[in-house]
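**Q** One file: run22.cif (mmCIF, C-alpha atoms and all ligand atoms).
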data_work
loop_
_atom_site.label_atom_id
_atom_site.label_comp_id
_atom_site.auth_asym_id
_atom_site.auth_seq_id
_atom_site.Cartn_x
_atom_site.Cartn_y
_atom_site.Cartn_z
CA MET A 11 114.61 85.52 138.76
CA ALA A 12 110.87 84.96 138.33
CA GLU A 13 109.76 82.14 136.03
CA THR A 14 108.23 83.13 132.66
CA GLU A 15 104.63 81.98 132.37
CA VAL A 16 103.16 81.65 128.90
CA ARG A 17 99.40 81.43 128.36
CA VAL A 18 96.74 81.91 125.73
CA LEU A 19 95.53 85.51 125.95
CA ALA A 20 91.94 86.47 126.61
CA LYS A 21 90.33 88.70 123.98
CA SER A 22 90.53 91.59 126.45
CA ASP A 23 94.37 91.31 126.39
CA HIS A 24 94.74 91.31 122.61
CA ARG A 25 95.13 95.05 122.22
CA ALA A 26 97.76 95.35 124.98
CA ALA A 27 99.70 92.49 123.37
CA HIS A 28 99.42 94.12 119.97
CA ASP A 29 100.81 97.37 121.40
CA LEU A 30 103.62 95.48 123.10
CA ALA A 31 104.65 93.94 119.77
CA ARG A 32 104.39 97.35 118.09
CA ALA A 33 106.60 98.89 120.76
CA ALA A 34 109.19 96.13 120.19
CA HIS A 35 109.16 97.23 116.52
CA HIS A 36 109.51 100.92 117.53
CA THR A 37 105.93 101.78 116.58
CA PRO A 38 103.57 103.82 118.82
CA PRO A 39 100.38 102.27 120.28
CA ILE A 40 97.55 101.61 117.87
CA SER A 41 94.73 104.18 117.58
CA ASP A 42 91.07 103.26 118.15
CA ALA A 43 90.41 103.79 114.44
CA GLU A 44 93.20 101.40 113.38
CA TRP A 45 92.24 98.82 116.00
CA ALA A 46 88.74 98.67 114.52
CA TYR A 47 90.35 97.20 111.39
CA VAL A 48 93.07 95.09 112.96
CA GLY A 49 91.35 93.64 116.04
CA ASP A 50 89.82 90.67 114.17
CA LEU A 51 93.28 89.58 113.06
CA HIS A 52 93.79 88.39 116.65
CA GLU A 53 92.06 85.05 116.56
CA PRO A 54 90.55 83.72 119.80
CA GLY A 55 92.77 81.05 121.35
CA LEU A 56 95.70 81.72 119.02
CA ALA A 57 97.41 84.70 120.72
CA LEU A 58 99.98 83.96 123.41
CA GLY A 59 101.34 86.21 126.15
CA ALA A 60 104.46 85.74 128.26
CA PHE A 61 104.23 87.00 131.82
CA LEU A 62 107.01 87.78 134.28
CA GLY A 63 105.89 88.57 137.82
CA GLY A 64 102.33 88.84 136.49
CA GLU A 65 103.25 91.48 133.89
CA LEU A 66 102.85 90.97 130.14
CA VAL A 67 106.38 91.11 128.69
CA GLY A 68 106.16 89.24 125.40
CA THR A 69 103.73 87.99 122.80
CA THR A 70 103.23 86.04 119.58
CA ARG A 71 100.14 84.93 117.73
CA LEU A 72 98.94 82.63 114.96
CA LEU A 73 96.53 83.29 112.11
CA ARG A 74 94.62 80.61 110.28
CA SER A 75 95.70 80.24 106.67
CA ARG A 76 96.49 77.57 104.08
CA LEU A 77 99.67 76.96 102.14
CA ALA A 78 99.73 75.83 98.51
CA LEU A 79 102.07 72.92 97.79
CA PRO A 80 103.68 71.40 94.70
CA GLY A 81 100.90 69.51 92.95
CA GLY A 82 98.21 72.02 93.93
CA ALA A 83 97.05 70.65 97.30
CA THR A 84 96.94 72.95 100.32
CA VAL A 85 97.70 72.29 104.00
CA PRO A 86 96.53 74.18 107.10
CA MET A 87 99.15 76.79 107.90
CA ALA A 88 99.43 78.91 111.03
CA ALA A 89 100.81 82.29 110.04
CA ALA A 90 102.93 83.36 113.02
CA THR A 91 103.17 87.09 113.57
CA GLY A 92 103.31 89.87 116.16
CA ASN A 93 106.48 88.56 117.82
CA GLY A 94 107.81 90.93 120.43
CA VAL A 95 109.41 91.05 123.84
CA ARG A 96 109.51 94.21 125.96
CA ALA A 97 112.90 95.86 125.42
CA ASP A 98 113.72 95.74 129.15
CA ARG A 99 113.01 92.00 129.33
CA THR A 100 114.91 90.66 126.29
CA ARG A 101 117.69 88.02 126.24
CA ARG A 102 116.46 86.04 129.19
CA GLY A 103 114.62 83.35 127.26
CA VAL A 104 111.15 84.93 127.04
CA PHE A 105 110.85 84.47 123.30
CA THR A 106 112.25 80.94 123.52
CA ARG A 107 109.39 80.05 125.89
CA LEU A 108 106.85 81.75 123.63
CA GLU A 109 108.18 79.98 120.56
CA ARG A 110 108.01 76.55 122.22
CA GLU A 111 104.43 77.15 123.34
CA SER A 112 103.41 78.56 120.00
CA LEU A 113 104.73 75.50 118.13
CA ALA A 114 102.91 73.26 120.64
CA LEU A 115 99.73 75.27 120.07
CA ALA A 116 100.11 74.93 116.30
CA VAL A 117 100.38 71.14 116.68
CA GLU A 118 97.43 71.01 119.06
CA GLN A 119 95.30 73.06 116.64
CA GLY A 120 96.01 70.67 113.77
CA PHE A 121 98.24 72.88 111.62
CA SER A 122 100.76 71.08 109.42
CA VAL A 123 103.10 74.05 109.02
CA VAL A 124 103.82 77.41 110.61
CA GLY A 125 104.66 80.24 108.22
CA SER A 126 106.46 83.44 109.18
CA ARG A 127 107.92 86.57 107.71
CA VAL A 128 110.89 87.49 109.78
CA SER A 129 112.53 90.82 110.47
CA GLU A 130 115.56 89.13 112.11
CA ALA A 131 116.94 86.25 110.08
CA THR A 132 119.38 85.02 112.73
CA ILE A 133 116.84 83.93 115.34
CA TYR A 134 114.55 81.44 113.71
CA ARG A 135 116.56 78.47 112.45
CA ARG A 136 117.29 77.38 116.01
CA PHE A 137 113.53 76.88 116.41
CA GLY A 138 113.27 74.78 113.25
CA HIS A 139 112.13 77.46 110.77
CA GLY A 140 113.78 77.66 107.36
CA VAL A 141 113.42 79.75 104.23
CA GLY A 142 110.49 78.32 102.26
CA ASN A 143 110.84 80.51 99.20
CA LEU A 144 112.68 83.48 97.76
CA SER A 145 111.30 86.48 95.98
CA ARG A 146 112.88 89.01 93.67
CA ALA A 147 112.52 92.79 93.73
CA VAL A 148 112.89 94.38 90.30
CA ARG A 149 113.16 97.88 88.88
CA LEU A 150 112.30 98.84 85.29
CA TYR A 151 112.49 102.12 83.38
CA PRO A 152 109.52 102.12 80.99
CA GLN A 153 111.31 104.37 78.48
CA GLU A 154 113.77 101.57 77.75
CA ALA A 155 111.70 98.57 78.86
CA ARG A 156 109.76 97.79 75.67
CA LEU A 157 108.16 94.37 75.39
CA ARG A 158 109.21 92.07 72.55
CA PRO A 159 106.47 91.50 69.94
CA GLU A 160 106.40 87.78 70.76
CA VAL A 161 105.23 88.42 74.33
CA HIS A 162 101.57 87.51 75.00
CA ARG A 163 99.18 90.41 74.44
CA GLY A 164 97.31 89.46 77.60
CA GLY A 165 93.62 90.11 78.11
CA GLU A 166 91.73 93.15 79.27
CA VAL A 167 93.07 95.26 82.16
CA ARG A 168 90.65 97.54 84.02
CA LEU A 169 91.16 99.95 86.90
CA ILE A 170 88.77 99.58 89.80
CA ASP A 171 88.07 102.18 92.44
CA GLY A 172 89.06 101.66 96.06
CA GLU A 173 85.58 101.08 97.45
CA SER A 174 84.76 98.44 94.82
CA SER A 175 88.12 96.76 95.46
CA ILE A 176 87.15 96.06 99.08
CA SER A 177 84.70 93.41 97.96
CA LEU A 178 86.17 92.53 94.55
CA LEU A 179 89.86 92.00 95.35
CA PRO A 180 89.27 89.21 97.92
CA ARG A 181 87.10 87.43 95.33
CA VAL A 182 89.75 87.75 92.63
CA TYR A 183 92.48 86.49 94.98
CA GLU A 184 90.30 83.54 96.01
CA ARG A 185 89.63 82.78 92.36
CA LEU A 186 93.34 82.47 91.59
CA GLY A 187 93.50 79.55 94.00
CA PRO A 188 96.75 77.71 94.80
CA TYR A 189 98.22 78.78 91.47
CA ARG A 190 101.83 78.37 92.68
CA PRO A 191 103.43 76.52 95.60
CA GLY A 192 103.93 79.00 98.43
CA VAL A 193 100.75 81.00 97.83
CA ILE A 194 98.79 81.35 101.06
CA GLY A 195 95.13 81.93 101.88
CA ARG A 196 93.99 85.40 102.93
CA SER A 197 91.09 85.40 105.41
CA ALA A 198 88.30 88.00 105.58
CA ALA A 199 90.04 89.36 108.71
CA TRP A 200 93.28 89.67 106.70
CA TRP A 201 91.58 91.77 104.02
CA LYS A 202 89.87 93.92 106.64
CA ALA A 203 93.15 94.58 108.47
CA LYS A 204 95.55 94.85 105.55
CA TRP A 205 93.52 96.27 102.70
CA GLU A 206 90.54 98.30 103.95
CA PRO A 207 92.57 100.82 105.99
CA LEU A 208 94.86 101.41 103.01
CA VAL A 209 91.90 102.19 100.77
CA ARG A 210 90.37 104.49 103.38
CA SER A 211 93.70 106.16 104.21
CA GLY A 212 93.40 108.43 101.21
CA LYS A 213 96.88 107.32 100.11
CA GLY A 214 95.31 106.21 96.88
CA PRO A 215 96.48 102.70 96.10
CA VAL A 216 95.58 101.95 92.47
CA VAL A 217 94.10 98.56 91.61
CA ALA A 218 94.24 97.07 88.12
CA VAL A 219 92.53 93.74 87.41
CA HIS A 220 93.35 91.48 84.45
CA SER A 221 90.69 89.35 82.76
CA GLY A 222 91.42 86.47 80.43
CA PRO A 223 89.03 84.17 78.55
CA ASP A 224 87.83 82.66 81.84
CA GLY A 225 87.36 85.93 83.73
CA ASP A 226 89.47 87.76 86.29
CA ASP A 227 92.82 86.00 86.66
CA GLY A 228 95.26 88.55 88.06
CA PHE A 229 95.70 91.95 89.64
CA VAL A 230 98.28 94.55 90.63
CA VAL A 231 98.17 97.15 93.36
CA TYR A 232 100.47 100.15 93.17
CA ARG A 233 101.06 103.64 94.44
CA ALA A 234 102.42 106.51 92.37
CA MET A 235 105.26 108.17 94.28
CA ARG A 236 106.44 111.59 93.20
CA SER A 237 109.89 112.80 94.07
CA GLY A 238 111.23 116.34 93.62
CA ASP A 239 109.15 119.45 92.95
CA SER A 240 108.96 119.31 89.20
CA GLY A 241 106.29 116.63 89.32
CA ALA A 242 107.95 114.86 86.43
CA ARG A 243 109.54 111.94 88.25
CA VAL A 244 106.92 109.36 89.14
CA THR A 245 107.72 105.88 90.44
CA LEU A 246 105.05 103.20 90.46
CA MET A 247 105.61 101.18 93.62
CA VAL A 248 103.86 97.87 93.09
CA THR A 249 102.97 96.30 96.41
CA ASP A 250 100.78 93.38 95.40
CA PHE A 251 100.97 91.44 92.12
CA HIS A 252 99.30 88.07 91.65
CA ALA A 253 98.50 86.41 88.36
CA ALA A 254 97.39 82.85 87.75
CA ASN A 255 98.82 82.26 84.27
CA ALA A 256 101.44 83.49 81.79
CA GLU A 257 98.95 85.61 79.81
CA ALA A 258 97.84 87.46 82.94
CA VAL A 259 101.47 88.01 83.99
CA ALA A 260 102.32 89.46 80.56
CA GLY A 261 99.12 91.51 80.39
CA LEU A 262 99.78 93.10 83.78
CA TRP A 263 103.43 93.86 82.94
CA ARG A 264 102.28 95.37 79.62
CA PHE A 265 99.84 97.54 81.52
CA LEU A 266 102.38 98.66 84.16
CA LEU A 267 105.00 99.56 81.54
CA GLY A 268 102.43 101.48 79.50
CA VAL A 269 101.18 103.90 82.17
CA ASP A 270 101.99 107.45 81.05
CA LEU A 271 104.37 109.85 82.82
CA VAL A 272 106.14 107.10 84.72
CA GLU A 273 109.90 107.07 84.97
CA GLU A 274 110.32 103.92 87.02
CA VAL A 275 108.34 100.80 87.97
CA CYS A 276 109.44 99.01 91.13
CA VAL A 277 107.99 95.67 92.12
CA ARG A 278 109.00 94.41 95.51
CA ARG A 279 108.02 90.75 95.33
CA ARG A 280 108.03 88.58 92.23
CA PRO A 281 108.63 84.87 91.68
CA THR A 282 112.30 84.08 91.01
CA ASP A 283 111.47 82.22 87.79
CA GLU A 284 109.53 85.10 86.21
CA LEU A 285 111.92 86.08 83.43
CA VAL A 286 110.91 89.72 82.95
CA GLU A 287 114.27 90.38 81.25
CA GLY A 288 113.38 87.85 78.57
CA MET A 289 110.14 89.72 77.81
CA LEU A 290 112.06 92.90 76.92
CA VAL A 291 113.80 94.08 73.73
CA ASN A 292 116.60 95.29 76.00
CA TRP A 293 117.41 92.50 78.46
CA ARG A 294 119.12 94.96 80.81
CA ALA A 295 116.09 97.24 81.14
CA CYS A 296 115.00 95.11 84.09
CA ARG A 297 117.31 95.18 87.05
CA THR A 298 117.18 92.89 90.05
CA HIS A 299 117.11 95.13 93.05
CA SER A 300 117.29 92.33 95.61
CA LEU A 301 116.71 88.63 96.12
CA ASP A 302 115.07 88.09 99.48
CA ASP A 303 113.83 85.36 101.75
CA ASP A 304 110.04 85.53 101.52
CA LEU A 305 108.00 83.00 103.51
CA TRP A 306 109.74 81.01 106.25
CA LEU A 307 108.30 77.60 107.04
CA ARG A 308 108.33 75.41 110.12
CA LEU A 309 106.95 71.92 109.48
CA VAL A 310 105.21 70.83 112.69
CA ASP A 311 103.36 67.74 111.40
CA LEU A 312 105.86 65.96 109.16
CA PRO A 313 103.70 62.97 108.11
CA LYS A 314 100.85 65.24 106.96
CA ALA A 315 103.03 67.99 105.50
CA LEU A 316 105.19 65.56 103.52
CA ASP A 317 102.30 63.43 102.31
CA ALA A 318 100.25 66.41 101.09
CA ARG A 319 102.69 67.54 98.38
CA ALA A 320 103.21 65.89 95.01
CA TYR A 321 106.59 64.41 94.07
CA GLY A 322 108.39 64.15 90.76
CA ASP A 323 109.40 60.97 89.01
CA GLY A 324 111.96 59.21 91.18
CA ASP A 325 112.69 56.04 93.09
CA PRO A 326 111.58 55.67 96.70
CA LEU A 327 113.82 57.61 99.08
CA VAL A 328 114.25 57.06 102.83
CA LEU A 329 114.70 60.47 104.42
CA GLU A 330 115.32 61.11 108.10
CA VAL A 331 114.20 64.42 109.60
CA ILE A 332 115.45 65.51 113.01
CA ASP A 333 113.31 67.89 115.04
CA GLU A 334 115.08 68.66 118.32
CA LEU A 335 112.38 70.98 119.63
CA LEU A 336 109.46 68.66 118.85
CA PRO A 337 111.03 65.18 119.21
CA ALA A 338 107.71 63.45 118.45
CA ASN A 339 107.88 65.10 115.04
CA SER A 340 111.24 63.46 114.21
CA GLY A 341 111.27 60.35 112.06
CA SER A 342 112.23 58.58 108.86
CA PHE A 343 109.92 58.55 105.87
CA ARG A 344 109.79 56.54 102.67
CA ILE A 345 108.98 59.10 99.98
CA SER A 346 107.91 58.18 96.46
CA PRO A 347 105.60 59.60 93.77
CA ASP A 348 102.90 57.31 95.23
CA GLY A 349 103.00 58.90 98.68
CA VAL A 350 104.83 59.08 101.98
CA GLU A 351 104.92 56.64 104.87
CA PRO A 352 106.90 56.47 108.12
CA THR A 353 109.59 53.76 108.12
CA LEU A 354 112.17 52.24 110.43
CA ASP A 355 114.51 51.49 107.51
CA GLN A 356 118.01 52.94 107.39
CA ALA A 357 117.83 56.52 106.07
CA GLN A 358 119.73 57.38 102.87
CA LEU A 359 119.71 61.11 103.65
CA SER A 360 119.21 62.94 106.93
CA LEU A 361 118.59 66.58 107.69
CA ASN A 362 117.18 68.89 110.35
CA VAL A 363 113.63 70.21 110.12
CA ASP A 364 114.80 73.78 109.34
CA ALA A 365 116.76 72.51 106.33
CA LEU A 366 113.75 70.51 105.14
CA ALA A 367 111.81 73.80 104.90
CA MET A 368 114.24 74.89 102.18
CA VAL A 369 113.51 71.89 99.92
CA TYR A 370 109.85 71.40 100.86
CA LEU A 371 108.47 73.71 98.16
CA GLY A 372 111.32 73.00 95.73
CA THR A 373 113.13 76.27 96.43
CA THR A 374 116.50 74.70 97.19
CA SER A 375 117.93 71.43 95.91
CA PHE A 376 119.30 68.64 98.07
CA ALA A 377 122.57 69.09 96.17
CA THR A 378 122.71 72.69 97.41
CA LEU A 379 121.87 71.61 100.96
CA ALA A 380 124.74 69.11 100.81
CA GLY A 381 127.05 71.90 99.61
CA ILE A 382 126.21 74.20 102.51
CA GLY A 383 126.52 71.53 105.19
CA ASP A 384 122.81 70.95 105.81
CA LEU A 385 122.58 67.33 104.68
CA ARG A 386 124.01 64.09 106.07
CA MET A 387 124.36 61.24 103.58
CA THR A 388 124.70 57.53 104.11
CA ASP A 389 124.00 56.88 100.41
CA GLY A 390 125.52 59.47 98.06
CA LYS A 391 123.56 58.03 95.10
CA ALA A 392 120.34 59.12 96.80
CA LEU A 393 121.11 62.78 96.16
CA PRO A 394 120.06 63.10 92.47
CA ASN A 395 117.03 60.92 93.21
CA ALA A 396 115.98 63.23 96.06
CA ASP A 397 116.20 66.18 93.69
CA ARG A 398 114.07 64.39 91.09
CA LEU A 399 111.42 63.77 93.76
CA PHE A 400 111.40 67.21 95.39
CA GLY A 401 112.21 69.40 92.35
CA THR A 402 109.36 71.51 90.96
CA ARG A 403 108.61 73.07 87.58
CA THR A 404 107.55 76.42 89.02
CA ALA A 405 109.36 78.40 91.70
CA ALA A 406 107.45 78.80 94.94
CA PHE A 407 106.09 82.27 95.60
CA CYS A 408 104.12 83.72 98.51
CA GLY A 409 103.80 87.48 98.05
CA THR A 410 101.52 88.02 101.05
CA THR A 411 102.57 89.92 104.16
CA PHE A 412 100.94 89.30 107.52
C1 LIG B 501 113.68 89.21 118.83
C2 LIG B 501 113.02 89.06 120.19
C3 LIG B 501 111.60 88.57 120.00
C4 LIG B 501 113.84 88.04 120.98
O1 LIG B 501 113.28 87.90 122.27
P1 LIG B 501 114.15 87.43 123.51
O2 LIG B 501 113.22 87.15 124.61
O3 LIG B 501 115.25 88.38 123.75
O4 LIG B 501 114.78 86.09 122.94
P2 LIG B 501 115.47 84.94 123.81
O5 LIG B 501 116.06 85.54 125.05
O6 LIG B 501 114.52 83.83 124.01
O7 LIG B 501 116.63 84.52 122.82
C5 LIG B 501 116.55 83.43 121.97
C6 LIG B 501 117.84 83.29 121.23
O8 LIG B 501 117.83 84.17 120.12
C7 LIG B 501 118.94 85.08 120.20
N1 LIG B 501 118.44 86.38 119.80
C8 LIG B 501 117.38 87.01 120.31
N2 LIG B 501 117.20 88.17 119.67
C9 LIG B 501 118.17 88.25 118.75
C10 LIG B 501 118.50 89.22 117.78
N3 LIG B 501 117.78 90.34 117.63
N4 LIG B 501 119.54 88.99 116.98
C11 LIG B 501 120.27 87.85 117.12
N5 LIG B 501 119.99 86.89 118.03
C12 LIG B 501 118.96 87.10 118.83
C13 LIG B 501 119.35 85.08 121.66
O9 LIG B 501 120.68 85.44 121.79
C14 LIG B 501 119.07 83.65 122.05
O10 LIG B 501 120.12 82.82 121.58
P3 LIG B 501 120.82 81.74 122.53
O11 LIG B 501 119.70 80.78 122.90
O12 LIG B 501 121.85 81.13 121.66
O13 LIG B 501 121.32 82.50 123.70
C15 LIG B 501 113.02 90.40 120.97
O14 LIG B 501 114.34 90.82 121.14
C16 LIG B 501 112.25 91.49 120.27
O15 LIG B 501 111.08 91.65 120.50
N6 LIG B 501 112.91 92.27 119.38
C17 LIG B 501 112.28 93.33 118.66
C18 LIG B 501 111.19 92.84 117.72
C19 LIG B 501 111.67 91.74 116.82
O16 LIG B 501 112.79 91.76 116.34
N7 LIG B 501 110.79 90.74 116.62
C20 LIG B 501 111.13 89.52 115.92
C21 LIG B 501 111.36 89.70 114.51
S1 LIG B 501 110.16 88.94 113.52
#
Show me this structure written as structure tokens.
**A**
Amino acid sequence: MAETEVRVLAKSDHRAAHDLARAAHHTPPISDAEWAYVGDLHEPGLALGAFLGGELVGTTRLLRSRLALPGGATVPMAAATGNGVRADRTRRGVFTRLERESLALAVEQGFSVVGSRVSEATIYRRFGHGVGNLSRAVRLYPQEARLRPEVHRGGEVRLIDGESSISLLPRVYERLGPYRPGVIGRSAAWWKAKWEPLVRSGKGPVVAVHSGPDGDDGFVVYRAMRSGDSGARVTLMVTDFHAANAEAVAGLWRFLLGVDLVEEVCVRRRPTDELVEGMLVNWRACRTHSLDDDLWLRLVDLPKALDARAYGDGDPLVLEVIDELLPANSGSFRISPDGVEPTLDQAQLSLNVDALAMVYLGTTSFATLAGIGDLRMTDGKALPNADRLFGTRTAAFCGTTF
């Protein structure tokens, strides 16, 4: 069988690769009109193609972004996307080759982490990716979901038209900054590819922006979906909801639950520690629809990635991380609130790089990792200390698709 060759794609190959990935996801080739929006989201030097016998049979690509960490710092993150192998060339190691090259490319380009959103959750752990955060999908019925009087009033909420949102929404998002661990940067190319076509599609996404004492500090995007002929049953499907503080969160929920003629409000992605139930007179008027893996993380530069986040009050911990795919990335680190340094000392706890992704943003505890067989211990007393160091006050949340 011919050897798979993986190489960085020339700009002229980007569209064919994009169509290949679409076909792998059962989507027809992109139109010229759509490509005009999406083309820039293929960054030069960051799209890979796999070739068998000279033919393009698989692809993956990276986008430049940044990931917010506990403590408020950000690290360079490569957002990996567009993974696909031609259906007649699967299960012969094409993606494995692509994945290896893509991780090597991420290292070479100076990224600390690779972030992904995965449509198949069984494939990625073997390559060192792990679930970085969870998000919750909720459903509320405004008729019964009244807010308690103690809940913040929030500031001013205003609707903005689609055209204005094209320039305003990126500025509002930028303004929110790394307001939670897990939040990622959205480039100009991201907004052009993901937001502009939606506005121009005529599908009418509605944008509401919240302003507090310091200006715009949150927004929601939703679509009103009508089902049945009577016209009475309207569901607000909220697709994007970001708010930098508790007042903005409350103000935007107050707005959503107050829109007239709405039977149901569905929000696909919310932070797991946002206690909407507690804001309501009737606790059960908010139902969790699902709890999902959100952003997957693959730490490719452990010294930088570990050192960039803040740690809670705890004693120094020696943690060993094993990275079988990138052996140079393996090592032991002394981690304390003062910083992180490589060490040759005996490790107290040891785990694989995919398991580290689960504790990196504070989403999972070391105690939980131990319970599910993802942690090796030489010093059992190190466990509560590790949780004091890595634990966070706010749940990580991403809420951006790519
Ligand atoms: C998923 C996909 C990229 C895998 O490509 P591939 O070239 O067949 O993958 P490989 O042959 O390198 O397989 C890598 C490993 O993952 C496993 N694997 C691959 N696809 C899998 C799937 N859909 N479900 C479960 N395991 C899978 C393989 O069995 C193999 O495991 P092994 O090393 O233990 O044998 C390809 O099948 C595809 O494009 N699917 C449709 C689009 C898609 O699902 N994209 C990725 C989701 S984000």
**Q** I need the residue nearest Tyr232 (chain A) from this list: A:Val275, A:Val123, A:Pro191, A:Lys391. Use all atoms listed in the file for the distance.
**A**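 Ranking A:Val275, A:Val123, A:Pro191, A:Lys391 by distance to Tyr232 (chain A), first place goes to A:Val275.
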**Q** Between A:Ala365, A:Ala254, A:Ala315, A:Ala377, which is the closest to Val350 (chain A) once you count all atoms listed in the file?
**A**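 For Val350 (chain A), the nearest of the given residues is A:Ala315.
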**Q** Ranking A:Arg149, A:Arg101, A:Arg76, A:Arg17 by minimum distance to ligand LIG 501 (chain B) and counting only C-alpha atoms and all ligand atoms, which one comes first?
**A**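 Distance minimum relative to ligand LIG 501 (chain B) lands on A:Arg101.
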**Q** Using all atoms listed in the file, can you tell me which of A:Ala33, A:Val117, A:Ile40, A:Leu150 comes closest to Arg96 (chain A)?
**A**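 Under the stated criterion, the closest residue is A:Ala33.
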**Q** Rank A:Glu53, A:Glu130, A:Asp23, A:Asp42 by their smallest atom-to-atom distance to ligand LIG 501 (chain B), using only C-alpha atoms and all ligand atoms, and report the top residue only.
**A**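 Nearest to ligand LIG 501 (chain B): A:Glu130.
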**Q** What is the distance between CA of Glu351 (chain A) and CA of Gly381 (chain A), in Å to one decimal?
**A**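 According to the coordinates, CA of Glu351 (chain A) and CA of Gly381 (chain A) are separated by 27.4 Å.
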**Q** Which residue, A:Trp45, A:Phe407, A:Phe105, A:Tyr151, has the smallest gap to Arg294 (chain A) when you use all atoms listed in the file?
**A**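 That would be A:Tyr151, the residue with the smallest distance to Arg294 (chain A).
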**Q** What's the 7 Å shell around Arg233 (chain A), counting all atoms listed in the file, without same-chain residues fewer than 5 positions away, as a PyMOL selection string?
**A** chain A and resi 214-216+246-248
**Q** What does the list of residues within 9 Å of ligand LIG 501 (chain B) look like if you count only C-alpha atoms and all ligand atoms, written as JSON, numbers by chain?
**A** {"A": [30, 31, 32, 33, 34, 35, 36, 67, 68, 69, 70, 91, 92, 93, 94, 95, 96, 97, 99, 100, 101, 102, 103, 104, 105, 106, 107, 108, 109, 126, 127, 128, 129, 130, 131, 132, 133, 134, 136]}
**Q** Quick one: write out the picked residues with C-alpha atoms as an mmCIF file, in the frame of the given file?
**A**
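And here is the file that came out, selection30.cif:
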data_model
loop_
_atom_site.group_PDB
_atom_site.id
_atom_site.type_symbol
_atom_site.label_atom_id
_atom_site.label_comp_id
_atom_site.auth_asym_id
_atom_site.auth_seq_id
_atom_site.Cartn_x
_atom_site.Cartn_y
_atom_site.Cartn_z
ATOM 1 C CA LEU A 30 103.620 95.480 123.100
ATOM 2 C CA ALA A 31 104.650 93.940 119.770
ATOM 3 C CA ARG A 32 104.390 97.350 118.090
ATOM 4 C CA ALA A 33 106.600 98.890 120.760
ATOM 5 C CA ALA A 34 109.190 96.130 120.190
ATOM 6 C CA HIS A 35 109.160 97.230 116.520
ATOM 7 C CA HIS A 36 109.510 100.920 117.530
ATOM 8 C CA VAL A 67 106.380 91.110 128.690
ATOM 9 C CA GLY A 68 106.160 89.240 125.400
ATOM 10 C CA THR A 69 103.730 87.990 122.800
ATOM 11 C CA THR A 70 103.230 86.040 119.580
ATOM 12 C CA THR A 91 103.170 87.090 113.570
ATOM 13 C CA GLY A 92 103.310 89.870 116.160
ATOM 14 C CA ASN A 93 106.480 88.560 117.820
ATOM 15 C CA GLY A 94 107.810 90.930 120.430
ATOM 16 C CA VAL A 95 109.410 91.050 123.840
ATOM 17 C CA ARG A 96 109.510 94.210 125.960
ATOM 18 C CA ALA A 97 112.900 95.860 125.420
ATOM 19 C CA ARG A 99 113.010 92.000 129.330
ATOM 20 C CA THR A 100 114.910 90.660 126.290
ATOM 21 C CA ARG A 101 117.690 88.020 126.240
ATOM 22 C CA ARG A 102 116.460 86.040 129.190
ATOM 23 C CA GLY A 103 114.620 83.350 127.260
ATOM 24 C CA VAL A 104 111.150 84.930 127.040
ATOM 25 C CA PHE A 105 110.850 84.470 123.300
ATOM 26 C CA THR A 106 112.250 80.940 123.520
ATOM 27 C CA ARG A 107 109.390 80.050 125.890
ATOM 28 C CA LEU A 108 106.850 81.750 123.630
ATOM 29 C CA GLU A 109 108.180 79.980 120.560
ATOM 30 C CA SER A 126 106.460 83.440 109.180
ATOM 31 C CA ARG A 127 107.920 86.570 107.710
ATOM 32 C CA VAL A 128 110.890 87.490 109.780
ATOM 33 C CA SER A 129 112.530 90.820 110.470
ATOM 34 C CA GLU A 130 115.560 89.130 112.110
ATOM 35 C CA ALA A 131 116.940 86.250 110.080
ATOM 36 C CA THR A 132 119.380 85.020 112.730
ATOM 37 C CA ILE A 133 116.840 83.930 115.340
ATOM 38 C CA TYR A 134 114.550 81.440 113.710
ATOM 39 C CA ARG A 136 117.290 77.380 116.010
#
**Q** So what do you get for CA of Leu361 (chain A) versus CA of Asp323 (chain A), distance-wise?
**A**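 Pair CA of Leu361 (chain A) / CA of Asp323 (chain A) returns 21.6 Å.
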**Q** Using only C-alpha atoms, find all polymer residues with an atom at most 10 Å away from the point (114.1, 59.1, 90.4); report them as a compact mmCIF listing (two decimals) with C-alpha atoms, in the coordinates of the input.
**A**
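Dumped to result_32.txt:
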# COMPACT_ATOMS: atom_id res chain seq x y z
CA TYR A 321 106.59 64.41 94.07
CA GLY A 322 108.39 64.15 90.76
CA ASP A 323 109.40 60.97 89.01
CA GLY A 324 111.96 59.21 91.18
CA ASP A 325 112.69 56.04 93.09
CA PRO A 326 111.58 55.67 96.70
CA LEU A 327 113.82 57.61 99.08
CA SER A 346 107.91 58.18 96.46
CA PRO A 347 105.60 59.60 93.77
CA ALA A 392 120.34 59.12 96.80
CA LEU A 393 121.11 62.78 96.16
CA PRO A 394 120.06 63.10 92.47
CA ASN A 395 117.03 60.92 93.21
CA ALA A 396 115.98 63.23 96.06
CA ASP A 397 116.20 66.18 93.69
CA ARG A 398 114.07 64.39 91.09
CA LEU A 399 111.42 63.77 93.76
CA PHE A 400 111.40 67.21 95.39
**Q** Given the point (94.1, 92.2, 117.1) in the file's coordinates, find the residues that have an atom at most 7 Å from it, counting all atoms listed in the file, and give them as an NGL selection string.
**A** :A and (24-25 or 28 or 45 or 48-52)
**Q** Could you state the separation of CA of Asp384 (chain A) and CA of Asn362 (chain A) in Å, given to one decimal place?
**A**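 That distance, rounded to one decimal, is 7.5 Å.
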**Q** When you look at Ser340 (chain A) with a cut-off of 9 Å (counting all atoms listed in the file), what residues show up, excluding the ones that are within fewer than 2 positions of it in the same chain? I need them as a ChimeraX atom specification.
**A** /A:312,330-334,336-338,342,362-363
